[in-house]
Every structure is written in structure tokens, then in C-alpha cells.
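Asker: I'm passing along my_file03.cif; it holds mmCIF, C-alpha atoms.
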data_work
loop_
_atom_site.label_atom_id
_atom_site.label_comp_id
_atom_site.auth_asym_id
_atom_site.auth_seq_id
_atom_site.Cartn_x
_atom_site.Cartn_y
_atom_site.Cartn_z
CA MET A 1 -2.00 2.39 -134.23
CA ASP A 2 -1.96 -1.36 -133.62
CA LEU A 3 -2.80 -3.08 -136.88
CA SER A 4 -1.87 -6.58 -135.85
CA PRO A 5 -4.60 -9.19 -136.33
CA ARG A 6 -6.82 -9.56 -133.31
CA ALA A 7 -7.78 -12.91 -131.88
CA SER A 8 -11.37 -13.62 -132.69
CA GLU A 9 -13.81 -13.85 -129.83
CA PRO A 10 -15.09 -17.35 -129.12
CA SER A 11 -18.33 -17.59 -131.08
CA ARG A 12 -21.41 -19.20 -129.64
CA LYS A 13 -22.68 -22.18 -131.54
CA PRO A 14 -25.90 -21.17 -133.27
CA ARG A 15 -28.96 -22.92 -131.88
CA ARG A 16 -30.60 -24.19 -135.03
CA TRP A 17 -33.37 -26.11 -133.29
CA LEU A 18 -34.69 -23.21 -131.21
CA PRO A 19 -36.41 -21.28 -134.05
CA ILE A 20 -37.94 -24.49 -135.37
CA ILE A 21 -39.32 -25.45 -131.96
CA LEU A 22 -40.65 -21.91 -131.39
CA LEU A 23 -42.28 -21.77 -134.81
CA SER A 24 -43.85 -25.20 -134.30
CA LEU A 25 -45.25 -24.12 -130.93
CA VAL A 26 -46.77 -20.99 -132.46
CA GLY A 27 -48.30 -23.05 -135.28
CA VAL A 28 -49.70 -25.71 -132.99
CA GLY A 29 -51.07 -23.01 -130.66
CA GLY A 30 -52.83 -21.36 -133.61
CA ILE A 31 -54.37 -24.64 -134.69
CA VAL A 32 -55.64 -25.35 -131.16
CA ILE A 33 -57.27 -21.91 -130.95
CA VAL A 34 -58.94 -22.26 -134.35
CA THR A 35 -60.17 -25.82 -133.83
CA GLN A 36 -61.19 -25.60 -130.20
CA PHE A 37 -62.45 -22.06 -129.65
CA LEU A 38 -63.75 -20.79 -132.98
CA THR A 39 -65.98 -23.72 -133.96
CA SER A 40 -69.34 -21.97 -133.65
CA ALA A 41 -68.03 -18.99 -135.63
CA ILE A 42 -66.71 -21.13 -138.48
CA ASP A 43 -69.51 -23.70 -138.90
CA TYR A 44 -71.22 -23.09 -142.23
CA TYR A 45 -74.76 -24.04 -141.19
CA CYS A 46 -77.19 -24.96 -138.42
CA ASN A 47 -78.98 -28.29 -138.57
CA VAL A 48 -82.79 -28.36 -138.67
CA ASP A 49 -83.03 -29.56 -135.06
CA GLU A 50 -80.86 -26.68 -133.83
CA ILE A 51 -83.08 -23.79 -134.94
CA GLY A 52 -83.91 -21.74 -131.87
CA VAL A 53 -81.82 -24.06 -129.70
CA ARG A 54 -78.16 -23.57 -130.55
CA SER A 55 -76.31 -20.29 -130.15
CA GLY A 56 -76.11 -18.59 -133.55
CA CYS A 57 -79.21 -20.41 -134.83
CA GLU A 58 -81.85 -18.00 -133.52
CA GLU A 59 -85.13 -17.92 -135.44
CA SER A 60 -85.05 -14.12 -135.63
CA THR A 61 -81.87 -14.05 -137.74
CA ARG A 62 -81.06 -15.03 -141.30
CA LEU A 63 -79.91 -18.64 -141.24
CA ARG A 64 -78.23 -21.33 -143.29
CA VAL A 65 -80.03 -24.55 -142.41
CA GLN A 66 -78.97 -28.06 -143.35
CA GLY A 67 -81.21 -31.10 -143.65
CA THR A 68 -82.42 -33.81 -146.03
CA VAL A 69 -85.26 -33.27 -148.51
CA GLU A 70 -87.93 -35.69 -147.31
CA GLN A 71 -89.08 -38.28 -149.85
CA GLY A 72 -92.53 -37.49 -151.28
CA SER A 73 -92.58 -33.91 -149.96
CA LEU A 74 -91.23 -32.10 -153.03
CA GLN A 75 -93.79 -29.91 -154.82
CA LYS A 76 -93.38 -27.29 -157.52
CA SER A 77 -96.12 -24.78 -158.33
CA ASP A 78 -96.47 -21.11 -159.28
CA GLY A 79 -92.72 -20.81 -159.75
CA LYS A 80 -92.10 -21.91 -156.16
CA THR A 81 -90.54 -25.09 -154.81
CA SER A 82 -91.71 -26.40 -151.45
CA PHE A 83 -90.48 -29.40 -149.50
CA VAL A 84 -89.98 -30.74 -146.01
CA MET A 85 -86.42 -30.66 -144.71
CA THR A 86 -85.54 -33.13 -141.97
CA PHE A 87 -82.60 -33.71 -139.67
CA ASN A 88 -82.36 -35.78 -136.51
CA ASN A 89 -86.17 -36.42 -136.43
CA LYS A 90 -86.99 -32.71 -136.62
CA SER A 91 -88.63 -31.24 -139.72
CA ILE A 92 -89.41 -27.81 -141.12
CA ASP A 93 -91.40 -26.71 -144.17
CA VAL A 94 -89.27 -24.90 -146.71
CA VAL A 95 -90.51 -22.65 -149.51
CA TYR A 96 -88.00 -21.60 -152.15
CA ALA A 97 -88.86 -18.88 -154.66
CA GLY A 98 -87.72 -20.61 -157.85
CA ASP A 99 -86.42 -23.93 -159.11
CA PRO A 100 -83.15 -25.03 -157.42
CA GLY A 101 -82.16 -26.98 -160.56
CA GLY A 102 -78.87 -28.91 -160.79
CA VAL A 103 -78.83 -32.17 -158.84
CA PHE A 104 -81.48 -31.00 -156.35
CA GLN A 105 -83.89 -33.86 -155.64
CA GLU A 106 -85.59 -35.77 -152.84
CA CYS A 107 -83.48 -37.57 -150.22
CA ILE A 108 -80.50 -35.29 -150.86
CA SER A 109 -78.86 -33.07 -148.24
CA VAL A 110 -79.27 -29.36 -148.86
CA VAL A 111 -78.33 -26.10 -147.20
CA ALA A 112 -81.12 -23.52 -147.44
CA HIS A 113 -80.41 -19.82 -146.88
CA GLY A 114 -83.31 -17.74 -145.54
CA ARG A 115 -85.50 -16.86 -142.56
CA MET A 116 -88.11 -18.56 -140.40
CA ILE A 117 -91.45 -16.79 -141.00
CA ASP A 118 -94.56 -18.22 -139.29
CA SER A 119 -93.02 -21.67 -138.81
CA THR A 120 -92.06 -21.88 -142.50
CA PHE A 121 -88.51 -21.40 -143.69
CA GLU A 122 -88.60 -18.96 -146.60
CA SER A 123 -85.45 -19.50 -148.62
CA ASN A 124 -83.90 -17.52 -151.44
CA ARG A 125 -80.92 -19.81 -151.98
CA ILE A 126 -80.56 -23.58 -151.99
CA GLU A 127 -77.21 -25.36 -152.12
CA VAL A 128 -77.01 -29.09 -152.66
CA LYS A 129 -74.62 -30.81 -150.26
CA HIS A 130 -73.67 -34.00 -152.05
CA SER A 131 -72.42 -37.02 -150.12
CA ASN A 132 -68.98 -38.66 -150.26
CA GLU A 133 -70.43 -41.76 -151.96
CA TYR A 134 -69.92 -42.41 -155.66
CA GLU A 135 -72.01 -45.05 -157.35
CA GLU A 136 -72.60 -46.08 -160.95
CA LYS A 137 -75.80 -44.72 -162.44
CA ASN A 138 -78.17 -47.63 -163.00
CA ALA A 139 -81.13 -46.89 -165.27
CA ASP A 140 -83.25 -49.86 -164.05
CA ARG A 141 -82.97 -48.84 -160.39
CA LEU A 142 -83.74 -45.21 -161.14
CA ASP A 143 -86.96 -46.12 -162.91
CA SER A 144 -88.27 -47.95 -159.87
CA SER A 145 -87.08 -45.52 -157.18
CA GLY A 146 -87.97 -42.22 -158.79
CA SER A 147 -85.00 -40.37 -157.29
CA ALA A 148 -81.31 -41.17 -157.59
CA ALA A 149 -80.51 -39.92 -154.09
CA CYS A 150 -83.34 -42.00 -152.58
CA SER A 151 -82.02 -45.11 -154.32
CA GLN A 152 -78.59 -44.41 -152.82
CA VAL A 153 -80.07 -43.97 -149.36
CA GLN A 154 -82.11 -47.17 -149.69
CA GLY A 155 -79.05 -49.09 -150.99
CA MET B 1 -27.03 -14.23 -167.79
CA SER B 2 -28.64 -15.55 -170.95
CA GLN B 3 -25.20 -16.34 -172.39
CA VAL B 4 -24.37 -18.42 -169.35
CA LEU B 5 -27.65 -20.28 -169.62
CA GLN B 6 -27.08 -20.91 -173.30
CA ARG B 7 -23.65 -22.41 -172.63
CA THR B 8 -24.95 -24.91 -170.08
CA SER B 9 -26.44 -28.28 -170.89
CA PRO B 10 -30.23 -28.76 -171.10
CA THR B 11 -32.08 -29.62 -167.89
CA GLY B 12 -33.40 -32.95 -169.18
CA THR B 13 -31.72 -36.29 -168.51
CA ARG B 14 -32.50 -39.85 -169.44
CA THR B 15 -34.36 -40.22 -166.13
CA THR B 16 -36.54 -37.16 -166.70
CA LYS B 17 -37.30 -38.34 -170.23
CA VAL B 18 -38.49 -41.71 -168.89
CA ILE B 19 -40.55 -39.99 -166.18
CA GLY B 20 -42.04 -37.62 -168.77
CA ALA B 21 -42.97 -40.46 -171.11
CA LEU B 22 -44.55 -42.43 -168.26
CA ALA B 23 -46.47 -39.34 -167.16
CA LEU B 24 -47.85 -38.88 -170.67
CA LEU B 25 -48.88 -42.53 -170.84
CA VAL B 26 -50.67 -42.54 -167.49
CA MET B 27 -52.36 -39.19 -168.12
CA ALA B 28 -53.60 -40.45 -171.50
CA TRP B 29 -55.20 -43.40 -169.68
CA VAL B 30 -56.78 -41.04 -167.13
CA VAL B 31 -58.28 -38.92 -169.93
CA VAL B 32 -59.72 -41.95 -171.75
CA SER B 33 -61.00 -43.64 -168.60
CA GLY B 34 -62.18 -40.45 -166.92
CA LEU B 35 -64.08 -39.12 -169.93
CA ILE B 36 -65.27 -42.33 -171.62
CA LEU B 37 -64.91 -45.56 -169.64
CA THR B 38 -66.01 -44.59 -166.13
CA PRO B 39 -69.76 -44.47 -165.50
CA GLN B 40 -71.85 -41.47 -164.54
CA ASP B 41 -72.53 -41.04 -160.84
CA VAL B 42 -76.03 -41.91 -159.70
CA VAL B 43 -76.57 -38.43 -158.19
CA GLN B 44 -74.05 -36.13 -159.85
CA GLY B 45 -74.19 -37.57 -163.37
CA GLU B 46 -71.44 -36.46 -165.77
CA SER B 47 -70.06 -33.78 -163.43
CA VAL B 48 -68.36 -36.49 -161.36
CA ARG B 49 -65.62 -36.65 -164.03
CA ILE B 50 -64.11 -33.44 -162.62
CA MET B 51 -63.11 -35.56 -159.61
CA TYR B 52 -60.32 -37.29 -161.62
CA VAL B 53 -58.50 -33.95 -161.88
CA HIS B 54 -59.69 -32.13 -158.75
CA VAL B 55 -58.77 -34.74 -156.12
CA PRO B 56 -55.31 -35.79 -157.48
CA SER B 57 -54.29 -32.15 -157.97
CA ALA B 58 -55.24 -31.38 -154.34
CA TRP B 59 -53.28 -34.37 -153.01
CA ILE B 60 -50.21 -33.54 -155.11
CA ALA B 61 -50.35 -29.92 -153.93
CA TYR B 62 -50.30 -31.17 -150.32
CA LEU B 63 -47.40 -33.49 -151.20
CA ALA B 64 -45.49 -30.65 -152.86
CA PHE B 65 -45.88 -28.39 -149.83
CA ILE B 66 -44.80 -31.18 -147.47
CA PHE B 67 -41.68 -31.74 -149.63
CA THR B 68 -41.02 -28.00 -149.48
CA ALA B 69 -41.16 -28.10 -145.68
CA VAL B 70 -38.93 -31.18 -145.44
CA ALA B 71 -36.35 -29.68 -147.81
CA SER B 72 -36.50 -26.38 -145.90
CA ALA B 73 -35.97 -28.14 -142.58
CA SER B 74 -33.08 -30.08 -144.11
CA TRP B 75 -31.48 -26.80 -145.23
CA LEU B 76 -31.88 -25.25 -141.78
CA ILE B 77 -30.62 -28.28 -139.86
CA SER B 78 -27.79 -29.44 -142.12
CA LYS B 79 -24.33 -28.12 -141.27
CA LYS B 80 -23.35 -27.53 -144.89
CA HIS B 81 -26.55 -25.62 -145.75
CA SER B 82 -26.59 -27.22 -149.18
CA MET B 83 -28.40 -24.91 -151.61
CA GLY B 84 -29.78 -28.01 -153.34
CA PHE B 85 -32.29 -28.32 -150.49
CA ASP B 86 -33.36 -24.71 -150.98
CA ARG B 87 -33.77 -25.07 -154.73
CA PHE B 88 -35.77 -28.26 -154.27
CA ALA B 89 -38.00 -26.48 -151.73
CA GLY B 90 -38.59 -23.59 -154.11
CA ALA B 91 -39.26 -25.79 -157.12
CA SER B 92 -41.65 -28.00 -155.18
CA ALA B 93 -43.57 -24.96 -153.88
CA GLU B 94 -43.92 -23.49 -157.37
CA VAL B 95 -45.33 -26.73 -158.76
CA GLY B 96 -47.51 -27.09 -155.65
CA VAL B 97 -49.01 -23.64 -156.19
CA MET B 98 -49.81 -24.62 -159.78
CA PHE B 99 -51.60 -27.79 -158.61
CA MET B 100 -53.41 -25.83 -155.90
CA ALA B 101 -54.65 -23.38 -158.54
CA ILE B 102 -55.93 -26.34 -160.60
CA THR B 103 -57.67 -27.63 -157.46
CA LEU B 104 -59.40 -24.30 -156.86
CA ILE B 105 -60.47 -23.87 -160.49
CA THR B 106 -61.79 -27.42 -160.94
CA GLY B 107 -63.43 -27.31 -157.49
CA SER B 108 -65.16 -24.09 -158.41
CA LEU B 109 -66.53 -25.61 -161.63
CA TRP B 110 -67.63 -28.75 -159.78
CA GLY B 111 -69.27 -26.62 -157.08
CA ARG B 112 -71.30 -24.75 -159.71
CA LEU B 113 -72.61 -28.03 -161.10
CA THR B 114 -73.48 -29.68 -157.77
CA TRP B 115 -74.00 -26.98 -155.12
CA GLY B 116 -75.22 -24.42 -157.63
CA GLU B 117 -72.45 -21.95 -156.62
CA PHE B 118 -68.93 -21.33 -157.92
CA TRP B 119 -67.71 -20.31 -154.49
CA GLN B 120 -68.85 -20.20 -150.89
CA TRP B 121 -66.81 -19.17 -147.86
CA ASP B 122 -67.23 -22.50 -146.12
CA PRO B 123 -64.42 -23.95 -143.97
CA ARG B 124 -62.84 -26.18 -146.66
CA LEU B 125 -62.90 -23.59 -149.41
CA THR B 126 -61.71 -20.80 -147.14
CA THR B 127 -58.80 -22.79 -145.68
CA THR B 128 -57.80 -23.99 -149.16
CA ALA B 129 -57.79 -20.42 -150.49
CA PHE B 130 -55.74 -19.41 -147.45
CA LEU B 131 -53.23 -22.19 -148.14
CA PHE B 132 -52.94 -21.06 -151.76
CA VAL B 133 -52.37 -17.43 -150.81
CA THR B 134 -49.81 -18.46 -148.16
CA TYR B 135 -47.69 -20.28 -150.73
CA VAL B 136 -48.00 -17.43 -153.22
CA GLY B 137 -46.58 -15.36 -150.34
CA TYR B 138 -43.83 -17.95 -149.89
CA LEU B 139 -42.86 -17.52 -153.54
CA ALA B 140 -42.85 -13.74 -153.06
CA VAL B 141 -40.51 -14.12 -150.07
CA ARG B 142 -38.14 -16.12 -152.27
CA ARG B 143 -37.90 -13.14 -154.60
CA LEU B 144 -36.94 -10.60 -151.95
CA GLU B 145 -33.60 -8.84 -152.28
CA GLY B 146 -30.61 -10.54 -150.67
CA SER B 147 -28.10 -13.33 -151.05
CA VAL B 148 -29.09 -16.92 -151.84
CA GLU B 149 -28.41 -17.81 -148.18
CA GLN B 150 -30.76 -15.07 -146.99
CA ARG B 151 -33.36 -16.26 -149.46
CA ALA B 152 -33.00 -19.81 -148.23
CA ARG B 153 -33.24 -18.89 -144.53
CA ARG B 154 -36.28 -16.61 -144.88
CA SER B 155 -38.21 -18.95 -147.13
CA ALA B 156 -37.36 -22.01 -144.99
CA VAL B 157 -38.98 -20.39 -141.96
CA VAL B 158 -42.10 -19.47 -143.95
CA ALA B 159 -42.31 -22.98 -145.45
CA MET B 160 -42.16 -24.65 -142.05
CA LEU B 161 -44.95 -22.45 -140.74
CA ALA B 162 -47.10 -22.74 -143.86
CA VAL B 163 -47.07 -26.54 -143.90
CA LEU B 164 -49.01 -26.53 -140.61
CA GLU B 165 -52.04 -25.36 -142.59
CA ILE B 166 -52.32 -28.65 -144.48
CA PRO B 167 -53.88 -30.68 -141.61
CA LEU B 168 -56.20 -27.74 -141.00
CA VAL B 169 -57.35 -27.84 -144.65
CA HIS B 170 -57.67 -31.61 -144.79
CA PHE B 171 -59.58 -31.96 -141.51
CA SER B 172 -61.68 -28.81 -141.98
CA VAL B 173 -64.60 -30.99 -143.13
CA VAL B 174 -64.31 -33.04 -139.92
CA LEU B 175 -63.67 -30.19 -137.49
CA TRP B 176 -66.40 -27.91 -138.82
CA ARG B 177 -69.64 -28.14 -140.75
CA SER B 178 -68.82 -27.58 -144.37
CA LEU B 179 -70.68 -27.46 -147.66
CA HIS B 180 -67.82 -29.46 -149.11
CA GLN B 181 -68.24 -33.22 -148.88
CA GLY B 182 -66.29 -35.27 -146.35
CA ALA B 183 -63.33 -37.40 -147.43
CA THR B 184 -64.21 -40.43 -149.57
CA VAL B 185 -60.87 -42.24 -149.80
CA LEU B 186 -59.01 -40.83 -146.80
CA ASN B 187 -62.02 -40.98 -144.48
CA PRO B 188 -61.47 -41.98 -140.84
CA ASN B 189 -63.61 -45.17 -141.18
CA GLY B 190 -61.53 -46.52 -144.07
CA ASP B 191 -64.76 -47.53 -145.82
CA VAL B 192 -64.43 -46.28 -149.42
CA LYS B 193 -67.84 -45.97 -151.06
CA MET B 194 -66.89 -45.61 -154.69
CA ASP B 195 -67.41 -47.61 -157.87
CA ASP B 196 -64.32 -49.77 -158.62
CA LEU B 197 -63.48 -48.24 -162.00
CA MET B 198 -64.00 -44.73 -160.62
CA LEU B 199 -61.58 -45.55 -157.78
CA PHE B 200 -59.01 -47.08 -160.14
CA THR B 201 -59.17 -44.03 -162.42
CA LEU B 202 -58.82 -41.74 -159.41
CA PHE B 203 -55.66 -43.56 -158.30
CA SER B 204 -54.37 -43.52 -161.88
CA GLY B 205 -54.82 -39.75 -161.75
CA VAL B 206 -52.81 -39.62 -158.53
CA VAL B 207 -49.99 -41.65 -160.14
CA GLY B 208 -50.08 -39.52 -163.32
CA PHE B 209 -50.07 -36.23 -161.43
CA THR B 210 -47.25 -37.49 -159.20
CA LEU B 211 -45.13 -38.25 -162.27
CA VAL B 212 -45.90 -34.80 -163.70
CA PHE B 213 -44.93 -33.28 -160.34
CA VAL B 214 -41.59 -35.14 -160.22
CA TRP B 215 -40.83 -34.23 -163.85
CA LEU B 216 -41.60 -30.55 -163.30
CA VAL B 217 -39.66 -30.31 -160.02
CA LEU B 218 -36.55 -31.98 -161.49
CA HIS B 219 -36.53 -29.56 -164.41
CA ARG B 220 -37.38 -26.51 -162.34
CA GLN B 221 -34.73 -27.04 -159.67
CA ARG B 222 -32.15 -27.42 -162.43
CA THR B 223 -33.19 -24.15 -164.06
CA MET B 224 -32.97 -22.57 -160.60
CA LEU B 225 -29.43 -23.90 -160.31
CA LEU B 226 -28.57 -22.35 -163.69
CA VAL B 227 -30.00 -19.00 -162.61
CA ASP B 228 -27.99 -19.12 -159.36
CA ILE B 229 -24.82 -19.94 -161.33
CA ALA B 230 -25.53 -17.16 -163.80
CA ASN B 231 -26.13 -14.66 -161.00
CA ARG B 232 -22.93 -15.69 -159.24
CA GLN B 233 -20.90 -15.45 -162.45
CA GLY B 234 -22.50 -12.12 -163.22
CA LEU B 235 -21.52 -10.84 -159.77
CA ASP B 236 -17.95 -12.14 -160.16
CA ALA B 237 -17.70 -10.44 -163.54
CA ALA B 238 -19.01 -7.15 -162.13
CA ILE B 239 -16.47 -7.23 -159.27
CA ALA B 240 -13.64 -8.01 -161.70
CA ALA B 241 -14.74 -5.15 -163.97
CA ARG B 242 -14.85 -2.73 -161.04
CA GLN B 243 -11.36 -3.82 -159.91
CA THR B 244 -9.99 -3.34 -163.41
CA GLU B 245 -11.65 0.05 -163.59
CA SER B 246 -10.07 1.19 -160.32
CA LEU B 247 -6.63 -0.04 -161.44
CA VAL B 248 -6.86 1.92 -164.68
CA LYS B 249 -7.73 5.09 -162.76
#
As C-alpha cells, please, write out the structure in this file.

Answerer:
Amino acid sequence: MDLSPRASEPSRKPRRWLPIILLSLVGVGGIVIVTQFLTSAIDYYCNVDEIGVRSGCEESTRLRVQGTVEQGSLQKSDGKTSFVMTFNNKSIDVVYAGDPGGVFQECISVVAHGRMIDSTFESNRIEVKHSNEYEEKNADRLDSSGSAACSQVQG
Amino acid sequence: MSQVLQRTSPTGTRTTKVIGALALLVMAWVVVSGLILTPQDVVQGESVRIMYVHVPSAWIAYLAFIFTAVASASWLISKKHSMGFDRFAGASAEVGVMFMAITLITGSLWGRLTWGEFWQWDPRLTTTAFLFVTYVGYLAVRRLEGSVEQRARRSAVVAMLAVLEIPLVHFSVVLWRSLHQGATVLNPNGDVKMDDLMLFTLFSGVVGFTLVFVWLVLHRQRTMLLVDIANRQGLDAAIAARQTESLVK
């Protein structure tokens, strides 16, 4: 038996960049698919003006609708809260069974969960969608405006 | 292994002590300013104070994961395959996961106070949770059986894929309709609508959390080094014992 050391075969230089480039391509491809082709499936809500217009915002289905609580429209009676929700010059009447509480107020953006029944949106969940503006609370201005969110909108 | 660790010097140095002291000082300022000096928000009231923890922890988690990817790429590309890169990547990911957990917890509390819900599967929250789970997975990959080189190679690949999620998380509020607010400071218009003291406290939080991050990573990557040394010495000792055993027989 020949036990003498054998000459090693010439080894190929490992291609270190290839896996990185391949992985990057896969990642970028995934991002393109998610951002370009899945938008309507991922969007959290329909805007008020899209009800019955946009795909996925059909009146017959349970919806999450986003809009701003119109100033002067908020009413609370018999344990129910009603208000007008507006977006892009379109409005709907909303009735919520309960008191939303928290920072819910006029002029603030909200997302209402519910169904359209006889041209009124009957909601059983309200989520307040606060803005990306942060401003010092000013007691004098609040007294005159009546609502903190309205004072922020009016500037 | 514990004997080896006991024989080695502590992981702290003069630099880490200075960084630790600075971190304490800045964080003390953030606590005082965030809880007492900064005003209430006109809409959110007192709940806005959660921002001084929530936002910096999210940014530092992003930073930690980017460092992990850079260190991982450095390990893959470098000819020497220095294990220092791998340890830095691992340490940075561990601290990043901790900050991400803080982000999720504080965000959940803030969401309850403003939205009225602890959690909703909206694009920002879902992608953030996905990022968190991905890096928990990364840490699990680091603990798979194998040599330190195998550990480094596997985890480097995962780290370089996982970092691609960060732009997806950050721009989720731009790409899709989200319950989560849009960016205030890093918004595309560059128009920051925030009270001056609030903004200053927020940036103080970022500085403080960055110092905490650096302090933790420096210590953690040194303890990782000690564990690697201990494992190697343990293996050497086991081989020597086996050789002695075979000679005796």
C-alpha cells in the first residue's frame, strides 16, 4: 500500500461575495413583493370617501373606517356616542354603543370598526389615531377652543 | 468553565466605567426632564411621557441590528475571519432584542392610553413584532450545536437577511395605512412638530440609551470571549485526558 503523502488538489478560491449578493437579491425581492403587490391586503383601514368605492371597502362587509371627528357633531345620549366622521370632503354618521373614553374628542382622527346599516356606520370599537405633532398643553387656549385637537388643527 | 472565568480579569475597563457613569448621568436627566420638566401634550396629556423611552429604545434597537449586520458582513468578508466580529455581532443583537422588547412593551402601554388598545395587528406593530421574533431566532441560531466558526457563519447569514426588515418596519407607516402615527423626527418633510423641551429630552434619551447600549455591548462581548476561551480550554483538557487515558490502557 502506498502511504506516501499525496499532493493536494488545487483548491478553488471560495467565492465569499456570491452568498451575500444572492441573499441581498432575495431580501430585496421580498421587500418589492410586500410593498408593491400586497398593499391592499395590509392597509389597516379604508378612508370615509372609499366606502363602496375601493376594493376591500364594500358596504356589505365589516369595515375599519378612518376619518376625523367633525367639530360640533359629537353627541352623547342613552349610553351611545354619535358623531360625524369626515375625510376628503365625504362624511358619514357614526353611532358607537358606549363612550370611547381616552383622548377621543372632536377634530381627532379615529378608526371606527363596524358596519354600514341604513347609511349610518354602527361601530362597536373606536380607536384614536393620534397625529405626529406634539405641542405643550396650554390651559388658556383650551378654554377658548373647547377641544385640544381642534386647537391643534386651528393652530 | 467557571474556574477559568474566575481566573480571568473582570470585563470592565476605565473606558467602560466612564461610559457607564455618563450613561447614568444622562439617564438621570431624562428621568427628571421626562417626568417633571417637560409639559403635557395638548392632546395626549401625561401619556406623552412614554415617548422618551419608547422612541429611543426603538432607534437603538435598529442601530444594534445594523451593527450586528455590519459585524457579520465583516466576519464573512475578512480573510482572517476574526471571531471578534462574531462576538460583537452576537452581543449587539442580544442588547438589540432587549431594546426591542422595551419598545414593544412601552408601545403597548402607550397604545392602551391613546388608541384604547394594547395591541392591534396594524402594519407597524406587525412588522415590529416580526423583527423582534426574527432576532430571537437569530439568537437561537447562535446557540445551535457546532464549532465557533459554524456558529459565526450561520448567524452571519441570518443577520444579513434580518437587517433588511428594518427599512420595512420604519417605512411601514408610509407604505401602508397604519394606526401607528407617522414619523415625527425622521419624517420625509424634515418639519419636526414638537415642543422644544420635548425634543431636547427625546434626544437626551437617544444619547442616554446609546451610552447604555455601548456599555452593555462592550461587557457582553467580553463575557462571550471568556466563554469561548473557557470552552476551548475545556475541550483541550478533555482531549488531553482522553489521550492520557488511552496511554494508560

Asker: List the spatial neighbours of stretch 99-103 of chain B as a PyMOL selection string - criterion: any atom at most 6 Å away, all atoms listed in the file, same-chain residues fewer than 4 positions off excluded.

Answerer: chain B and resi 54+57-58+61+107

Asker: Can you turn the PyMOL selection byres ((chain B) within 7 of (chain A)) into a concrete residue list for this file, as a PyMOL selection string?

Answerer: chain B and resi 39-44+76-77+113-116+122-123+161+164+175-179+181-184+193-195

Asker: Excluding same-chain residues fewer than 6 positions from A:Gly98, what lies within 10 Å of it counting all atoms listed in the file, as a ChimeraX atom specification?

Answerer: /A:76-82,123-126

Asker: So what does the PyMOL selection byres ((chain A and resi 57) around 12) actually pick up in this one, as a VMD selection string?

Answerer: chain A and resid 40 to 41 43 to 56 58 to 66 114 to 116

Asker: Between B:Ala159, B:Leu218, B:Leu226, B:Val185, which is the closest to B:Met198 once you count only C-alpha atoms?

Answerer: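 Closest to B:Met198 of all the choices is B:Val185.
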
Asker: Can you list what the PyMOL selection byres ((chain B and resi 64) around 8) grabs from this structure, as a list in words?

Answerer: Ile60, Ala61, Tyr62, Leu63, Phe65, Ile66, Phe67, Thr68, Ser92, Ala93, Val95, Gly96 and Phe213 of chain B

Asker: What is the atom CA of B:Met98-atom CA of B:Trp59 distance in Å, reported with one decimal?

Answerer: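 Answer for the atom CA of B:Met98 to atom CA of B:Trp59 separation: 12.4 Å.
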
Asker: Which is closer to A:Gly67 than all the others in A:Ile117, A:Leu18, A:Ile33, A:Ala112, using all atoms listed in the file?

Answerer: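 Counting all atoms listed in the file, the residue closest to A:Gly67 is A:Ala112.
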
Asker: What is the atom CA of B:Arg124-atom CA of B:Val48 distance in Å, reported with one decimal?

Answerer: 18.8 Å

Asker: Which residue gives the smallest distance to A:Val95 among A:Leu74, A:Val32, A:Cys107, A:Leu22, with all atoms listed in the file counted?

Answerer: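 For A:Val95, the nearest of the candidates is A:Leu74.
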
Asker: How many Å lie between atom CA of B:Arg87 and atom CA of B:Gln221, rounded to one decimal?

Answerer: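 Value for the atom CA of B:Arg87-atom CA of B:Gln221 distance: 5.4 Å.
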
Asker: Once you count only C-alpha atoms, which residues end up no further than 12 Å from (-50.9, -44.2, -169.7) in the file's frame, shown as a ChimeraX atom specification?

Answerer: /B:19-33,201,204-205,207-209,211

Asker: Export N, CA and C atoms of stretch 51-63 of chain A from the structure just given, as a short mmCIF file (atom, residue, chain, number, x, y, z; two decimals), in the first residue's frame?

Answerer:
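Final output, saved to out_22.cif:
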data_model
loop_
_atom_site.label_atom_id
_atom_site.label_comp_id
_atom_site.auth_asym_id
_atom_site.auth_seq_id
_atom_site.Cartn_x
_atom_site.Cartn_y
_atom_site.Cartn_z
N ILE A 51 -65.58 54.15 1.02
CA ILE A 51 -66.60 53.13 1.32
C ILE A 51 -67.45 52.90 0.06
N GLY A 52 -67.51 51.65 -0.35
CA GLY A 52 -68.29 51.31 -1.55
C GLY A 52 -67.60 51.65 -2.85
N VAL A 53 -66.38 52.19 -2.76
CA VAL A 53 -65.65 52.59 -3.97
C VAL A 53 -64.40 51.73 -4.16
N ARG A 54 -63.63 51.61 -3.12
CA ARG A 54 -62.35 50.89 -3.21
C ARG A 54 -62.56 49.40 -2.95
N SER A 55 -61.74 48.61 -3.61
CA SER A 55 -61.79 47.16 -3.39
C SER A 55 -61.42 46.85 -1.95
N GLY A 56 -62.23 46.04 -1.28
CA GLY A 56 -62.00 45.72 0.12
C GLY A 56 -62.75 46.63 1.07
N CYS A 57 -63.43 47.64 0.52
CA CYS A 57 -64.18 48.60 1.36
C CYS A 57 -65.68 48.53 1.05
N GLU A 58 -66.16 47.36 0.71
CA GLU A 58 -67.57 47.20 0.34
C GLU A 58 -68.47 47.44 1.55
N GLU A 59 -69.61 48.07 1.29
CA GLU A 59 -70.55 48.41 2.37
C GLU A 59 -71.10 47.17 3.06
N SER A 60 -71.16 46.06 2.33
CA SER A 60 -71.79 44.85 2.88
C SER A 60 -70.89 44.13 3.90
N THR A 61 -69.63 44.51 3.98
CA THR A 61 -68.71 43.79 4.87
C THR A 61 -68.40 44.62 6.12
N ARG A 62 -67.84 43.95 7.11
CA ARG A 62 -67.39 44.66 8.31
C ARG A 62 -66.14 45.45 7.94
N LEU A 63 -66.13 46.71 8.35
CA LEU A 63 -65.05 47.62 7.91
C LEU A 63 -64.33 48.27 9.08
#
